[in-house]
Amino acid sequence: ATFHFRFCAVANQPTQASKPVTPAPASMVHQKTVLVLVALACALGGGVNAVADFNRNINANSDGGDMAIPWFYHGLEGPNFTTVSDAAKYSIRSYPKSFWTATTVTGKSMDDAGSEAFMRLFRYISGNNESKQKIEMTVPVLASVIPGQGPFCEENFTYHFYLPAEFQTNPPKPDDPRVTNVVLDAMDVAVMSFPGWMNEKEAISHGRDLFEDLKEDNVAFNPDMFYTAGYDSPFRLTDRHNEVWAKIQGSASDATTFQILSDGGD
């Protein structure tokens, strides 16, 4: 089968037992990251002071937990997940309900939408919220992609920053009305990983591969949307990790992508 989408999604046969994965604890001091903000923040008036807010130093995990922290989190905090199956082409993961800050951009290319959305979310975690509170950078930068219905229709990109554990129940309300705190329901996703740099071309190519592999394996999935997940600054030159996700049909969030939290998450 051939899937026609300017943005599409992927998967393979389950082979291994479930492996729970736990991210770095909220108390971990984070590594220096997101150097791309030097260009973006300066271009948008944030300047070097805004970029400095992203400088983090990594400390060893002192919690002594038995759970493995994904290597591609690179010391940053991110959502828990369980690997249900892990095969050559794709993995199946199960994510619990989680809390994110999100913003939607339409009518632009994926690359341009990503830059605009990133800066809105960056300003929020830099203190552009009702508590004027700074929030640690996390991974991944998750984008849900809803393709347009025709060649001239607008794609819908919603970008998400994962909220650290201390803000999972009561995050500060964003000052920017285009930014909202949302709940992503529990979901199972097929995940295809690839190295290098995430961009529109790579998202389409790997998304198409994932959709076709899932179809070949008779895995039911939602063909009307997919996710991209980025874990690295553009200036990380090695050990880069990117993902495309297809939502497995029948998972808890198949019908509802997210719920908007009430003011400030109260």
# chains A, B, ... in the order shown; residues from 1 in each chain; ligands from 1
$ residues_around --residues "Glu202 (chain A)" --least-positions-apart "3" --cutoff "12 Å" --atoms "only C-alpha atoms" --output "ChimeraX atom specification"
/A:6-9,110-111,192-199,205-209,228-230,242-244
$ residues_around --residues "Gly107 (chain A)" --least-positions-apart "5" --cutoff "9 Å" --atoms "only C-alpha atoms" --output "ChimeraX atom specification"
/A:113,153-156
$ residues_around --residues "region 88-94 of chain A" --least-positions-apart "4" --cutoff "7 Å" --atoms "only C-alpha atoms" --output "PyMOL selection string"
chain A and resi 11-12+81-84+187-192
$ write_last_selection --atoms "C-alpha atoms" --output "short mmCIF file (atom, residue, chain, number, x, y, z; two decimals), in the first residue's frame"
data_model
loop_
_atom_site.label_atom_id
_atom_site.label_comp_id
_atom_site.auth_asym_id
_atom_site.auth_seq_id
_atom_site.Cartn_x
_atom_site.Cartn_y
_atom_site.Cartn_z
CA ALA A 11 6.57 -0.09 12.91
CA ASN A 12 7.66 -4.11 13.02
CA PHE A 81 7.59 4.79 29.00
CA THR A 82 7.59 1.01 28.77
CA THR A 83 8.99 -0.80 25.74
CA VAL A 84 6.36 -3.39 24.86
CA MET A 187 -1.11 5.94 24.56
CA ASP A 188 0.72 3.15 22.77
CA VAL A 189 2.89 4.21 19.86
CA ALA A 190 5.03 2.56 17.20
CA VAL A 191 8.41 4.28 17.15
CA MET A 192 10.95 4.44 14.32
#
$ residues_around --residues "Phe72 (chain A)" --least-positions-apart "2" --cutoff "8 Å" --atoms "only C-alpha atoms" --output "number ranges by chain"
A: 70, 74, 231, 239-241
$ select_by_dssp --residues "region 167-232 of chain A" --states "strand (DSSP E or B)" --output "JSON, numbers by chain"
{"A": [174, 179, 180, 181, 182, 183, 184, 187, 188, 189, 190, 191, 192, 193, 194, 221, 226, 227, 228, 229, 230]}
$ closest_residue --among "A:Trp71, A:Phe211, A:Trp100, A:Tyr124" --to "Ala143 (chain A)" --atoms "only C-alpha atoms"
A:Trp100
$ atom_distance --atom1 "CA of Trp245 (chain A)" --atom2 "CA of Leu210 (chain A)"
8.1 Å
$ atom_distance --atom1 "CA of Asn128 (chain A)" --atom2 "CA of Pro174 (chain A)"
6.4 Å
$ atom_distance --atom1 "CA of Phe226 (chain A)" --atom2 "CA of Tyr159 (chain A)"
12.1 Å
$ closest_residue --among "A:Thr180, A:Ser115, A:Ser126, A:Gln249" --to "Leu214 (chain A)" --atoms "only C-alpha atoms"
A:Gln249
